[in-house]
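Participant: input_36.pdb is the file, holding PDB, C-alpha atoms:
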```pdb
ATOM      1  CA  MET A 617     -37.188   2.174 -23.040  1.00  0.00           C
ATOM      2  CA  ALA A 618     -35.245   2.793 -19.842  1.00  0.00           C
ATOM      3  CA  ARG A 619     -31.493   2.558 -20.243  1.00  0.00           C
ATOM      4  CA  THR A 620     -30.618   1.697 -16.686  1.00  0.00           C
ATOM      5  CA  ALA A 621     -28.464  -0.980 -15.110  1.00  0.00           C
ATOM      6  CA  GLU A 622     -27.284  -2.161 -11.732  1.00  0.00           C
ATOM      7  CA  VAL A 623     -24.130  -4.197 -11.191  1.00  0.00           C
ATOM      8  CA  VAL A 624     -22.937  -5.661  -7.893  1.00  0.00           C
ATOM      9  CA  ARG A 625     -19.441  -7.067  -7.498  1.00  0.00           C
ATOM     10  CA  GLU A 626     -17.926  -8.523  -4.341  1.00  0.00           C
ATOM     11  CA  THR A 627     -14.360  -9.711  -3.862  1.00  0.00           C
ATOM     12  CA  LYS A 628     -12.084 -10.138  -0.855  1.00  0.00           C
ATOM     13  CA  GLU A 629     -10.858  -6.602  -1.534  1.00  0.00           C
ATOM     14  CA  THR A 630     -13.986  -4.637  -2.436  1.00  0.00           C
ATOM     15  CA  GLN A 631     -17.782  -4.697  -2.256  1.00  0.00           C
ATOM     16  CA  ILE A 632     -19.329  -2.467  -4.906  1.00  0.00           C
ATOM     17  CA  ARG A 633     -22.791  -1.592  -6.142  1.00  0.00           C
ATOM     18  CA  VAL A 634     -23.293   0.751  -9.104  1.00  0.00           C
ATOM     19  CA  TRP A 635     -26.611   1.858 -10.576  1.00  0.00           C
ATOM     20  CA  ILE A 636     -26.795   4.129 -13.618  1.00  0.00           C
ATOM     21  CA  ASP A 637     -29.455   5.768 -15.763  1.00  0.00           C
ATOM     22  CA  LEU A 638     -27.921   6.940 -19.035  1.00  0.00           C
ATOM     23  CA  ASP A 639     -30.883   9.245 -19.669  1.00  0.00           C
ATOM     24  CA  GLY A 640     -30.901  10.927 -16.280  1.00  0.00           C
ATOM     25  CA  THR A 641     -30.263  14.503 -15.233  1.00  0.00           C
ATOM     26  CA  GLY A 642     -26.851  14.231 -13.565  1.00  0.00           C
ATOM     27  CA  VAL A 643     -28.034  13.439 -10.038  1.00  0.00           C
ATOM     28  CA  SER A 644     -25.599  11.291  -8.081  1.00  0.00           C
ATOM     29  CA  THR A 645     -25.021   9.648  -4.728  1.00  0.00           C
ATOM     30  CA  ILE A 646     -21.400   8.578  -4.439  1.00  0.00           C
ATOM     31  CA  SER A 647     -19.629   6.874  -1.535  1.00  0.00           C
ATOM     32  CA  THR A 648     -16.202   5.307  -2.075  1.00  0.00           C
ATOM     33  CA  GLY A 649     -14.408   6.385   1.091  1.00  0.00           C
ATOM     34  CA  ILE A 650     -12.057   8.587  -0.976  1.00  0.00           C
ATOM     35  CA  GLY A 651     -13.138  12.219  -0.960  1.00  0.00           C
ATOM     36  CA  PHE A 652     -11.459  13.345  -4.166  1.00  0.00           C
ATOM     37  CA  TYR A 653     -12.612  10.233  -6.042  1.00  0.00           C
ATOM     38  CA  ASP A 654     -16.188  10.910  -4.920  1.00  0.00           C
ATOM     39  CA  HIS A 655     -15.808  14.433  -6.303  1.00  0.00           C
ATOM     40  CA  MET A 656     -14.572  13.086  -9.660  1.00  0.00           C
ATOM     41  CA  LEU A 657     -17.438  10.581  -9.978  1.00  0.00           C
ATOM     42  CA  GLU A 658     -19.969  13.281  -9.059  1.00  0.00           C
ATOM     43  CA  SER A 659     -18.471  15.447 -11.804  1.00  0.00           C
ATOM     44  CA  PHE A 660     -18.640  12.504 -14.234  1.00  0.00           C
ATOM     45  CA  ALA A 661     -22.359  12.037 -13.494  1.00  0.00           C
ATOM     46  CA  ARG A 662     -23.195  15.744 -13.692  1.00  0.00           C
ATOM     47  CA  HIS A 663     -21.419  16.424 -16.965  1.00  0.00           C
ATOM     48  CA  GLY A 664     -22.507  13.155 -18.535  1.00  0.00           C
ATOM     49  CA  GLY A 665     -26.129  13.782 -17.596  1.00  0.00           C
ATOM     50  CA  PHE A 666     -26.204  10.357 -15.947  1.00  0.00           C
ATOM     51  CA  ASP A 667     -28.058   9.529 -12.751  1.00  0.00           C
ATOM     52  CA  LEU A 668     -25.523   7.527 -10.778  1.00  0.00           C
ATOM     53  CA  LYS A 669     -25.325   5.689  -7.479  1.00  0.00           C
ATOM     54  CA  VAL A 670     -22.010   4.255  -6.349  1.00  0.00           C
ATOM     55  CA  GLU A 671     -21.484   2.409  -3.076  1.00  0.00           C
ATOM     56  CA  THR A 672     -17.948   1.107  -2.622  1.00  0.00           C
ATOM     57  CA  LYS A 673     -16.390  -0.442   0.452  1.00  0.00           C
ATOM     58  CA  GLY A 674     -12.742  -1.236  -0.167  1.00  0.00           C
ATOM     59  CA  ASP A 675      -9.581  -2.218   1.663  1.00  0.00           C
ATOM     60  CA  LEU A 676      -8.480   1.362   2.233  1.00  0.00           C
ATOM     61  CA  HIS A 677      -6.377   0.239   5.189  1.00  0.00           C
ATOM     62  CA  ILE A 678      -4.014  -1.174   2.530  1.00  0.00           C
ATOM     63  CA  ASP A 679      -4.253   1.618  -0.055  1.00  0.00           C
ATOM     64  CA  MET A 680      -6.700   3.124  -2.553  1.00  0.00           C
ATOM     65  CA  HIS A 681      -5.766   1.031  -5.583  1.00  0.00           C
ATOM     66  CA  HIS A 682      -8.378  -1.734  -5.348  1.00  0.00           C
ATOM     67  CA  THR A 683     -11.149   0.727  -4.473  1.00  0.00           C
ATOM     68  CA  VAL A 684     -10.427   2.971  -7.451  1.00  0.00           C
ATOM     69  CA  GLU A 685      -9.778   0.254 -10.033  1.00  0.00           C
ATOM     70  CA  ASP A 686     -12.663  -2.003  -8.993  1.00  0.00           C
ATOM     71  CA  THR A 687     -15.126   0.906  -9.003  1.00  0.00           C
ATOM     72  CA  GLY A 688     -13.978   1.676 -12.555  1.00  0.00           C
ATOM     73  CA  ILE A 689     -14.597  -1.973 -13.484  1.00  0.00           C
ATOM     74  CA  VAL A 690     -18.133  -1.977 -12.103  1.00  0.00           C
ATOM     75  CA  LEU A 691     -19.017   1.429 -13.577  1.00  0.00           C
ATOM     76  CA  GLY A 692     -17.832   0.207 -16.982  1.00  0.00           C
ATOM     77  CA  LEU A 693     -19.893  -2.974 -16.661  1.00  0.00           C
ATOM     78  CA  ALA A 694     -22.969  -0.948 -15.685  1.00  0.00           C
ATOM     79  CA  VAL A 695     -22.676   1.372 -18.695  1.00  0.00           C
ATOM     80  CA  ASN A 696     -22.162  -1.621 -20.985  1.00  0.00           C
ATOM     81  CA  LYS A 697     -25.217  -3.373 -19.538  1.00  0.00           C
ATOM     82  CA  ALA A 698     -27.382  -0.249 -19.844  1.00  0.00           C
ATOM     83  CA  LEU A 699     -26.406   0.070 -23.519  1.00  0.00           C
ATOM     84  CA  ASP A 700     -27.855  -3.379 -24.294  1.00  0.00           C
ATOM     85  CA  GLY A 701     -25.590  -4.297 -27.200  1.00  0.00           C
ATOM     86  CA  PHE A 702     -24.942  -0.682 -28.270  1.00  0.00           C
ATOM     87  CA  LYS A 703     -28.149  -0.656 -30.313  1.00  0.00           C
ATOM     88  CA  GLY A 704     -29.360   2.653 -31.753  1.00  0.00           C
ATOM     89  CA  ILE A 705     -26.601   4.887 -30.373  1.00  0.00           C
ATOM     90  CA  ARG A 706     -24.358   7.469 -32.001  1.00  0.00           C
ATOM     91  CA  ARG A 707     -21.357   5.340 -30.950  1.00  0.00           C
ATOM     92  CA  PHE A 708     -18.702   8.066 -31.311  1.00  0.00           C
ATOM     93  CA  GLY A 709     -18.211  11.070 -29.064  1.00  0.00           C
ATOM     94  CA  SER A 710     -15.587  13.680 -28.317  1.00  0.00           C
ATOM     95  CA  ALA A 711     -15.049  16.640 -26.035  1.00  0.00           C
ATOM     96  CA  TYR A 712     -12.536  19.355 -25.222  1.00  0.00           C
ATOM     97  CA  ILE A 713     -12.649  20.538 -21.601  1.00  0.00           C
ATOM     98  CA  PRO A 714     -10.830  23.696 -20.481  1.00  0.00           C
ATOM     99  CA  MET A 715     -10.275  24.277 -16.769  1.00  0.00           C
ATOM    100  CA  ASP A 716      -8.348  27.501 -16.194  1.00  0.00           C
ATOM    101  CA  GLU A 717      -4.811  26.778 -17.490  1.00  0.00           C
ATOM    102  CA  THR A 718      -5.604  23.159 -18.432  1.00  0.00           C
ATOM    103  CA  LEU A 719      -7.075  21.749 -21.641  1.00  0.00           C
ATOM    104  CA  THR A 720      -7.991  18.074 -21.982  1.00  0.00           C
ATOM    105  CA  ARG A 721      -9.650  16.211 -24.831  1.00  0.00           C
ATOM    106  CA  CYS A 722     -11.339  12.839 -24.998  1.00  0.00           C
ATOM    107  CA  ALA A 723     -12.507  10.835 -27.992  1.00  0.00           C
ATOM    108  CA  ILE A 724     -14.524   7.666 -27.486  1.00  0.00           C
ATOM    109  CA  ASP A 725     -15.790   4.840 -29.672  1.00  0.00           C
ATOM    110  CA  LEU A 726     -18.338   2.490 -28.140  1.00  0.00           C
ATOM    111  CA  SER A 727     -17.151  -0.346 -30.346  1.00  0.00           C
ATOM    112  CA  ASN A 728     -16.929  -3.311 -27.956  1.00  0.00           C
ATOM    113  CA  ARG A 729     -13.209  -3.270 -28.775  1.00  0.00           C
ATOM    114  CA  PRO A 730     -11.821  -1.781 -25.574  1.00  0.00           C
ATOM    115  CA  TYR A 731      -8.635   0.237 -25.617  1.00  0.00           C
ATOM    116  CA  LEU A 732      -7.109   3.134 -23.707  1.00  0.00           C
ATOM    117  CA  VAL A 733      -4.675   5.688 -25.068  1.00  0.00           C
ATOM    118  CA  TRP A 734      -3.509   7.718 -22.063  1.00  0.00           C
ATOM    119  CA  LYS A 735      -1.492  10.894 -22.608  1.00  0.00           C
ATOM    120  CA  VAL A 736      -1.847  12.580 -19.245  1.00  0.00           C
ATOM    121  CA  GLU A 737       0.942  13.704 -16.943  1.00  0.00           C
ATOM    122  CA  PHE A 738       0.724  14.918 -13.362  1.00  0.00           C
ATOM    123  CA  LYS A 739       3.271  17.225 -11.786  1.00  0.00           C
ATOM    124  CA  ARG A 740       2.448  16.039  -8.265  1.00  0.00           C
ATOM    125  CA  PRO A 741       2.111  12.456  -6.944  1.00  0.00           C
ATOM    126  CA  LYS A 742      -1.104  13.209  -5.046  1.00  0.00           C
ATOM    127  CA  VAL A 743      -4.201  15.358  -5.208  1.00  0.00           C
ATOM    128  CA  GLY A 744      -5.834  15.486  -1.830  1.00  0.00           C
ATOM    129  CA  GLU A 745      -4.992  12.081  -0.379  1.00  0.00           C
ATOM    130  CA  MET A 746      -5.339  10.305  -3.735  1.00  0.00           C
ATOM    131  CA  ASP A 747      -2.366   9.011  -5.713  1.00  0.00           C
ATOM    132  CA  THR A 748      -2.439  10.549  -9.181  1.00  0.00           C
ATOM    133  CA  GLU A 749      -1.273   7.263 -10.786  1.00  0.00           C
ATOM    134  CA  LEU A 750      -4.697   5.832  -9.888  1.00  0.00           C
ATOM    135  CA  PHE A 751      -6.479   8.010 -12.449  1.00  0.00           C
ATOM    136  CA  LYS A 752      -5.024   5.917 -15.274  1.00  0.00           C
ATOM    137  CA  GLU A 753      -6.133   2.775 -13.411  1.00  0.00           C
ATOM    138  CA  PHE A 754      -9.708   4.084 -13.282  1.00  0.00           C
ATOM    139  CA  HIS A 755      -9.867   5.051 -16.946  1.00  0.00           C
ATOM    140  CA  HIS A 756      -8.307   1.768 -18.045  1.00  0.00           C
ATOM    141  CA  ALA A 757     -10.708  -0.298 -15.921  1.00  0.00           C
ATOM    142  CA  PHE A 758     -13.680   1.706 -17.190  1.00  0.00           C
ATOM    143  CA  ALA A 759     -12.702   1.404 -20.869  1.00  0.00           C
ATOM    144  CA  MET A 760     -11.968  -2.328 -20.719  1.00  0.00           C
ATOM    145  CA  ASN A 761     -15.256  -3.182 -19.005  1.00  0.00           C
ATOM    146  CA  CYS A 762     -17.460  -0.733 -20.877  1.00  0.00           C
ATOM    147  CA  GLY A 763     -16.210  -1.973 -24.256  1.00  0.00           C
ATOM    148  CA  ALA A 764     -15.002   1.508 -25.133  1.00  0.00           C
ATOM    149  CA  CYS A 765     -12.014   2.714 -27.100  1.00  0.00           C
ATOM    150  CA  VAL A 766     -10.949   5.827 -25.158  1.00  0.00           C
ATOM    151  CA  HIS A 767      -8.283   8.331 -26.164  1.00  0.00           C
ATOM    152  CA  LEU A 768      -7.624  10.813 -23.366  1.00  0.00           C
ATOM    153  CA  GLU A 769      -4.995  13.530 -23.603  1.00  0.00           C
ATOM    154  CA  THR A 770      -4.201  16.608 -21.566  1.00  0.00           C
ATOM    155  CA  LEU A 771      -2.850  19.041 -24.128  1.00  0.00           C
ATOM    156  CA  TYR A 772      -1.466  21.346 -21.445  1.00  0.00           C
ATOM    157  CA  GLY A 773      -1.970  22.105 -17.783  1.00  0.00           C
ATOM    158  CA  ASP A 774      -0.126  22.617 -14.515  1.00  0.00           C
ATOM    159  CA  ASN A 775      -2.630  22.271 -11.681  1.00  0.00           C
ATOM    160  CA  THR A 776      -3.000  18.620 -10.628  1.00  0.00           C
ATOM    161  CA  HIS A 777      -6.625  19.048  -9.571  1.00  0.00           C
ATOM    162  CA  HIS A 778      -7.510  20.629 -12.916  1.00  0.00           C
ATOM    163  CA  VAL A 779      -5.729  17.938 -14.937  1.00  0.00           C
ATOM    164  CA  ALA A 780      -7.544  15.142 -13.091  1.00  0.00           C
ATOM    165  CA  GLU A 781     -10.970  16.784 -13.144  1.00  0.00           C
ATOM    166  CA  SER A 782     -10.805  17.867 -16.775  1.00  0.00           C
ATOM    167  CA  GLY A 783     -10.141  14.206 -17.668  1.00  0.00           C
ATOM    168  CA  PHE A 784     -13.265  12.984 -15.887  1.00  0.00           C
ATOM    169  CA  LYS A 785     -15.345  15.761 -17.421  1.00  0.00           C
ATOM    170  CA  ALA A 786     -13.978  15.089 -20.900  1.00  0.00           C
ATOM    171  CA  LEU A 787     -14.765  11.385 -20.579  1.00  0.00           C
ATOM    172  CA  ALA A 788     -18.270  12.207 -19.350  1.00  0.00           C
ATOM    173  CA  ARG A 789     -19.036  14.651 -22.165  1.00  0.00           C
ATOM    174  CA  ALA A 790     -17.664  12.349 -24.853  1.00  0.00           C
ATOM    175  CA  LEU A 791     -19.625   9.419 -23.434  1.00  0.00           C
ATOM    176  CA  ARG A 792     -22.779  11.534 -23.198  1.00  0.00           C
ATOM    177  CA  GLN A 793     -22.516  12.219 -26.921  1.00  0.00           C
ATOM    178  CA  ALA A 794     -21.687   8.599 -27.826  1.00  0.00           C
ATOM    179  CA  VAL A 795     -24.642   7.066 -25.918  1.00  0.00           C
ATOM    180  CA  GLU A 796     -27.212   9.429 -27.446  1.00  0.00           C
ATOM    181  CA  ILE A 797     -29.918   7.708 -29.460  1.00  0.00           C
ATOM    182  CA  ASP A 798     -29.374   8.235 -33.181  1.00  0.00           C
ATOM    183  CA  PRO A 799     -32.627   7.879 -35.141  1.00  0.00           C
ATOM    184  CA  LYS A 800     -30.650   7.163 -38.322  1.00  0.00           C
ATOM    185  CA  THR A 801     -29.515   3.786 -36.940  1.00  0.00           C
ATOM    186  CA  GLY A 802     -33.071   2.425 -36.939  1.00  0.00           C
ATOM    187  CA  GLY A 803     -32.411   0.883 -33.556  1.00  0.00           C
ATOM    188  CA  GLN A 804     -29.520  -1.218 -34.860  1.00  0.00           C
ATOM    189  CA  ALA A 805     -25.901  -1.297 -33.766  1.00  0.00           C
ATOM    190  CA  PRO A 806     -24.013   1.402 -35.716  1.00  0.00           C
ATOM    191  CA  SER A 807     -21.614  -0.891 -37.533  1.00  0.00           C
ATOM    192  CA  THR A 808     -21.269  -2.437 -40.978  1.00  0.00           C
ATOM    193  CA  LYS A 809     -21.014  -5.741 -39.109  1.00  0.00           C
ATOM    194  CA  GLY A 810     -24.555  -5.301 -37.813  1.00  0.00           C
ATOM    195  CA  VAL A 811     -23.437  -6.034 -34.273  1.00  0.00           C
ATOM    196  CA  LEU A 812     -20.906  -4.624 -31.836  1.00  0.00           C
TER     197      LEU A 812
END
```
Here is a file; write its structure as C-alpha cells.
Facilitator:
Amino acid sequence: MARTAEVVRETKETQIRVWIDLDGTGVSTISTGIGFYDHMLESFARHGGFDLKVETKGDLHIDMHHTVEDTGIVLGLAVNKALDGFKGIRRFGSAYIPMDETLTRCAIDLSNRPYLVWKVEFKRPKVGEMDTELFKEFHHAFAMNCGACVHLETLYGDNTHHVAESGFKALARALRQAVEIDPKTGGQAPSTKGVL
C-alpha cells in the first residue's frame, strides 16, 4: 500500500503544495524562495528516505516567517495524512547526528499528541539570509500538524550552519525510524488504546 499524500494550502500569505512518499528513496524537488531552507528540506528528504516535492510561494517581501512556518504546517499535515492513522508503524524513533564540532539528537513519538521540546541555541542571528529563530518555528509547526511529540536538542556545537542542518537531519532520521512498518503491530496502531 502506497504511503503517499498531497496537501495544498492557500492563504493570503502563502500558497503551498507538498507531496510526500514515506517509502521513497530521498529524491526531492524543493522551491520555497529561501535558498538555505530549500537546502534543509532537501537534507530532510534525503536522510529520511522520503520522496518530497515542496512548492511554496510566500510573502517574502515582508519577511520569511510565514513561508517557513506555513511550509512546516503543510509538511506536517502531509506526513500525518500519509500515515493514515499511524497504523502498523514503529511509532518511536531517535537519532544522534554529528556534524564536525556539532552533535544533535532527536527523539520522536508519533502519538497524535503533538509537542515540541526545543533545546537548540544559535550563536548567530542568521545563516545565509535566513533568521535562525525560524528553525524553531518550522519544527514547532511540523510537530503540531504531524501529530508528533518531538524532542530536539543540540548537545554542543558552534557553527550555525551545522547546528541548523544537524537538527533537520536528526528529525529526518528519527522520523524515518518511527514511520517504518513494524510487522509485530499486525497493522494496528501501536498503542494500548488501539488508536492514536
Participant: Nearest residue to Trp635 (chain A) out of A:Arg662, A:Lys739, A:Lys669, A:Lys800, using all atoms listed in the file?
Facilitator: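 Closest to Trp635 (chain A), using all atoms listed in the file: A:Lys669.
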Participant: Between A:Leu732, A:Ala757, A:Ala661, A:Met656, which is the closest to Glu781 (chain A) once you count all atoms listed in the file?
Facilitator: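 Checking each candidate against Glu781 (chain A), we get A:Met656 as the closest.
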Participant: Up to 10 Å from (-26.2, 13.3, -10.3) in the file's coordinates: name the residues, counting all atoms listed in the file, as number ranges by chain.
Facilitator: A: 636-637, 640-646, 657-669
Participant: What's the 10 Å shell around region 672-685 of chain A, counting only C-alpha atoms, without same-chain residues fewer than 4 positions away, as a VMD selection string?
Facilitator: chain A and resid 624 to 634 646 to 650 653 689 to 691 745 to 747 749 to 758
Participant: Which is closer to Ala694 (chain A) than all the others in A:Gln804, A:Thr776, A:Thr770, A:Thr620, using all atoms listed in the file?
Facilitator: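 Closest to Ala694 (chain A), using all atoms listed in the file: A:Thr620.
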Participant: Spell out the residues picked by the PyMOL selection byres ((chain A and resi 791-799) around 6) here, as a tab-separated table (two decimals) with C-alpha atoms, in the frame of the given file.
Facilitator:
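Now in out_36.tsv:
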```tsv
chain	number	residue	atom	x	y	z
A	664	GLY	CA	-22.51	13.16	-18.54
A	704	GLY	CA	-29.36	2.65	-31.75
A	705	ILE	CA	-26.60	4.89	-30.37
A	706	ARG	CA	-24.36	7.47	-32.00
A	707	ARG	CA	-21.36	5.34	-30.95
A	708	PHE	CA	-18.70	8.07	-31.31
A	709	GLY	CA	-18.21	11.07	-29.06
A	787	LEU	CA	-14.76	11.38	-20.58
A	788	ALA	CA	-18.27	12.21	-19.35
A	789	ARG	CA	-19.04	14.65	-22.16
A	790	ALA	CA	-17.66	12.35	-24.85
A	800	LYS	CA	-30.65	7.16	-38.32
A	801	THR	CA	-29.52	3.79	-36.94
A	802	GLY	CA	-33.07	2.42	-36.94
```
Participant: Using all atoms listed in the file, which of A:Phe702, A:Phe738, A:Phe784, A:Tyr772 sits nearest Leu726 (chain A)?
Facilitator: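 Ranking A:Phe702, A:Phe738, A:Phe784, A:Tyr772 by distance to Leu726 (chain A), first place goes to A:Phe702.
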Participant: Given the file shown, enumerate the residues that the PyMOL selection byres ((chain A and resi 766) around 9) captures and present them as number ranges by chain.
Facilitator: A: 722-726, 730-734, 755-756, 759, 764-765, 767-768, 787
Participant: From the options A:Leu638, A:Ala780, A:Ala805, A:Met617, which residue's atoms come nearest to Pro741 (chain A), counting only C-alpha atoms?
Facilitator: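 Of A:Leu638, A:Ala780, A:Ala805, A:Met617, the one nearest Pro741 (chain A), counting only C-alpha atoms, is A:Ala780.
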Participant: Please compute the CA of Leu693 (chain A)-CA of Asn761 (chain A) distance, one decimal, in Å.
Facilitator: 5.2 Å
Participant: Using all atoms listed in the file, which of the listed residues (A:Asp654, A:Thr687, A:Pro806, A:Asn696) sits closest to Gly744 (chain A)?
Facilitator: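 Closest residue, counting all atoms listed in the file: A:Asp654.
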Participant: In Å, rounded to a single decimal, give me how far CA of Lys742 (chain A) is from CA of Phe652 (chain A).
Facilitator: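 According to the coordinates, CA of Phe652 (chain A) and CA of Lys742 (chain A) are separated by 10.4 Å.
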Participant: Have a look at CA of Gly763 (chain A) and CA of Val695 (chain A) and let me know their distance in Å, one decimal.
Facilitator: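 Result for CA of Gly763 (chain A) versus CA of Val695 (chain A): 9.2 Å, one decimal.
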Participant: Set the distance at 12 Å and use all atoms listed in the file: which residues neighbour Gly773 (chain A) once local chain neighbours fewer than 2 positions away are removed? I'd like the list as a list of chain:residue names.
Facilitator: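 So, after excluding close chain neighbours, the residues are A:Ile713, A:Pro714, A:Met715, A:Asp716, A:Glu717, A:Thr718, A:Leu719, A:Thr720, A:Arg721, A:Val736, A:Glu737, A:Phe738, A:Lys739, A:Glu769, A:Thr770, A:Leu771, A:Asn775, A:Thr776, A:His777, A:His778, A:Val779, A:Ala780, A:Glu781, A:Ser782, A:Gly783.
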Participant: Could you write those residues out with C-alpha atoms, as an mmCIF file, keeping the file's coordinate frame?
Facilitator:
```cif
data_model
loop_
_atom_site.group_PDB
_atom_site.id
_atom_site.type_symbol
_atom_site.label_atom_id
_atom_site.label_comp_id
_atom_site.auth_asym_id
_atom_site.auth_seq_id
_atom_site.Cartn_x
_atom_site.Cartn_y
_atom_site.Cartn_z
ATOM 1 C CA ILE A 713 -12.649 20.538 -21.601
ATOM 2 C CA PRO A 714 -10.830 23.696 -20.481
ATOM 3 C CA MET A 715 -10.275 24.277 -16.769
ATOM 4 C CA ASP A 716 -8.348 27.501 -16.194
ATOM 5 C CA GLU A 717 -4.811 26.778 -17.490
ATOM 6 C CA THR A 718 -5.604 23.159 -18.432
ATOM 7 C CA LEU A 719 -7.075 21.749 -21.641
ATOM 8 C CA THR A 720 -7.991 18.074 -21.982
ATOM 9 C CA ARG A 721 -9.650 16.211 -24.831
ATOM 10 C CA VAL A 736 -1.847 12.580 -19.245
ATOM 11 C CA GLU A 737 0.942 13.704 -16.943
ATOM 12 C CA PHE A 738 0.724 14.918 -13.362
ATOM 13 C CA LYS A 739 3.271 17.225 -11.786
ATOM 14 C CA GLU A 769 -4.995 13.530 -23.603
ATOM 15 C CA THR A 770 -4.201 16.608 -21.566
ATOM 16 C CA LEU A 771 -2.850 19.041 -24.128
ATOM 17 C CA ASN A 775 -2.630 22.271 -11.681
ATOM 18 C CA THR A 776 -3.000 18.620 -10.628
ATOM 19 C CA HIS A 777 -6.625 19.048 -9.571
ATOM 20 C CA HIS A 778 -7.510 20.629 -12.916
ATOM 21 C CA VAL A 779 -5.729 17.938 -14.937
ATOM 22 C CA ALA A 780 -7.544 15.142 -13.091
ATOM 23 C CA GLU A 781 -10.970 16.784 -13.144
ATOM 24 C CA SER A 782 -10.805 17.867 -16.775
ATOM 25 C CA GLY A 783 -10.141 14.206 -17.668
#
```
Participant: Using the block above, I'd like region 624-630 of chain A written out, keeping all heavy atoms and formatting it as a CSV table (one decimal), in the first residue's frame.
Facilitator:
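Saved file out_26.csv follows:
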```csv
chain,number,residue,atom,x,y,z
A,624,VAL,N,-2.5,20.7,-0.2
A,624,VAL,CA,-2.4,22.1,-0.7
A,624,VAL,C,-3.1,23.0,0.3
A,624,VAL,O,-4.1,22.7,0.8
A,624,VAL,CB,-3.1,22.2,-2.1
A,624,VAL,CG1,-3.1,23.6,-2.6
A,624,VAL,CG2,-2.5,21.2,-3.1
A,625,ARG,N,-2.4,24.1,0.5
A,625,ARG,CA,-2.9,25.1,1.5
A,625,ARG,C,-2.7,26.5,0.9
A,625,ARG,O,-1.5,26.8,0.5
A,625,ARG,CB,-2.2,25.0,2.8
A,625,ARG,CG,-2.7,25.9,3.9
A,625,ARG,CD,-2.0,25.6,5.2
A,625,ARG,NE,-2.5,26.3,6.4
A,625,ARG,CZ,-1.9,27.4,6.8
A,625,ARG,NH1,-0.9,28.0,6.2
A,625,ARG,NH2,-2.4,28.0,7.9
A,626,GLU,N,-3.7,27.3,0.8
A,626,GLU,CA,-3.6,28.7,0.3
A,626,GLU,C,-4.2,29.7,1.3
A,626,GLU,O,-5.3,29.5,1.8
A,626,GLU,CB,-4.3,28.8,-1.0
A,626,GLU,CG,-3.7,28.0,-2.1
A,626,GLU,CD,-4.2,28.3,-3.5
A,626,GLU,OE1,-4.9,29.3,-3.6
A,626,GLU,OE2,-3.8,27.6,-4.4
A,627,THR,N,-3.4,30.7,1.6
A,627,THR,CA,-3.8,31.8,2.5
A,627,THR,C,-3.5,33.1,1.8
A,627,THR,O,-2.9,33.1,0.7
A,627,THR,CB,-3.2,31.7,3.9
A,627,THR,OG1,-1.8,32.1,3.8
A,627,THR,CG2,-3.3,30.3,4.5
A,628,LYS,N,-3.8,34.2,2.4
A,628,LYS,CA,-3.4,35.5,1.9
A,628,LYS,C,-1.9,35.7,1.9
A,628,LYS,O,-1.3,36.5,1.3
A,628,LYS,CB,-4.1,36.6,2.6
A,628,LYS,CG,-5.6,36.7,2.4
A,628,LYS,CD,-6.2,37.8,3.2
A,628,LYS,CE,-7.7,37.9,2.9
A,628,LYS,NZ,-8.3,39.0,3.7
A,629,GLU,N,-1.2,34.8,2.7
A,629,GLU,CA,0.3,35.0,2.9
A,629,GLU,C,1.1,34.0,2.2
A,629,GLU,O,2.2,34.3,1.8
A,629,GLU,CB,0.6,34.9,4.4
A,629,GLU,CG,-0.1,36.0,5.3
A,629,GLU,CD,-0.1,35.7,6.7
A,629,GLU,OE1,0.1,34.5,7.1
A,629,GLU,OE2,-0.3,36.7,7.5
A,630,THR,N,0.5,32.8,2.0
A,630,THR,CA,1.3,31.7,1.3
A,630,THR,C,0.4,30.8,0.5
A,630,THR,O,-0.8,30.6,0.8
A,630,THR,CB,2.0,30.8,2.3
A,630,THR,OG1,1.1,30.3,3.2
A,630,THR,CG2,3.1,31.6,3.1
```
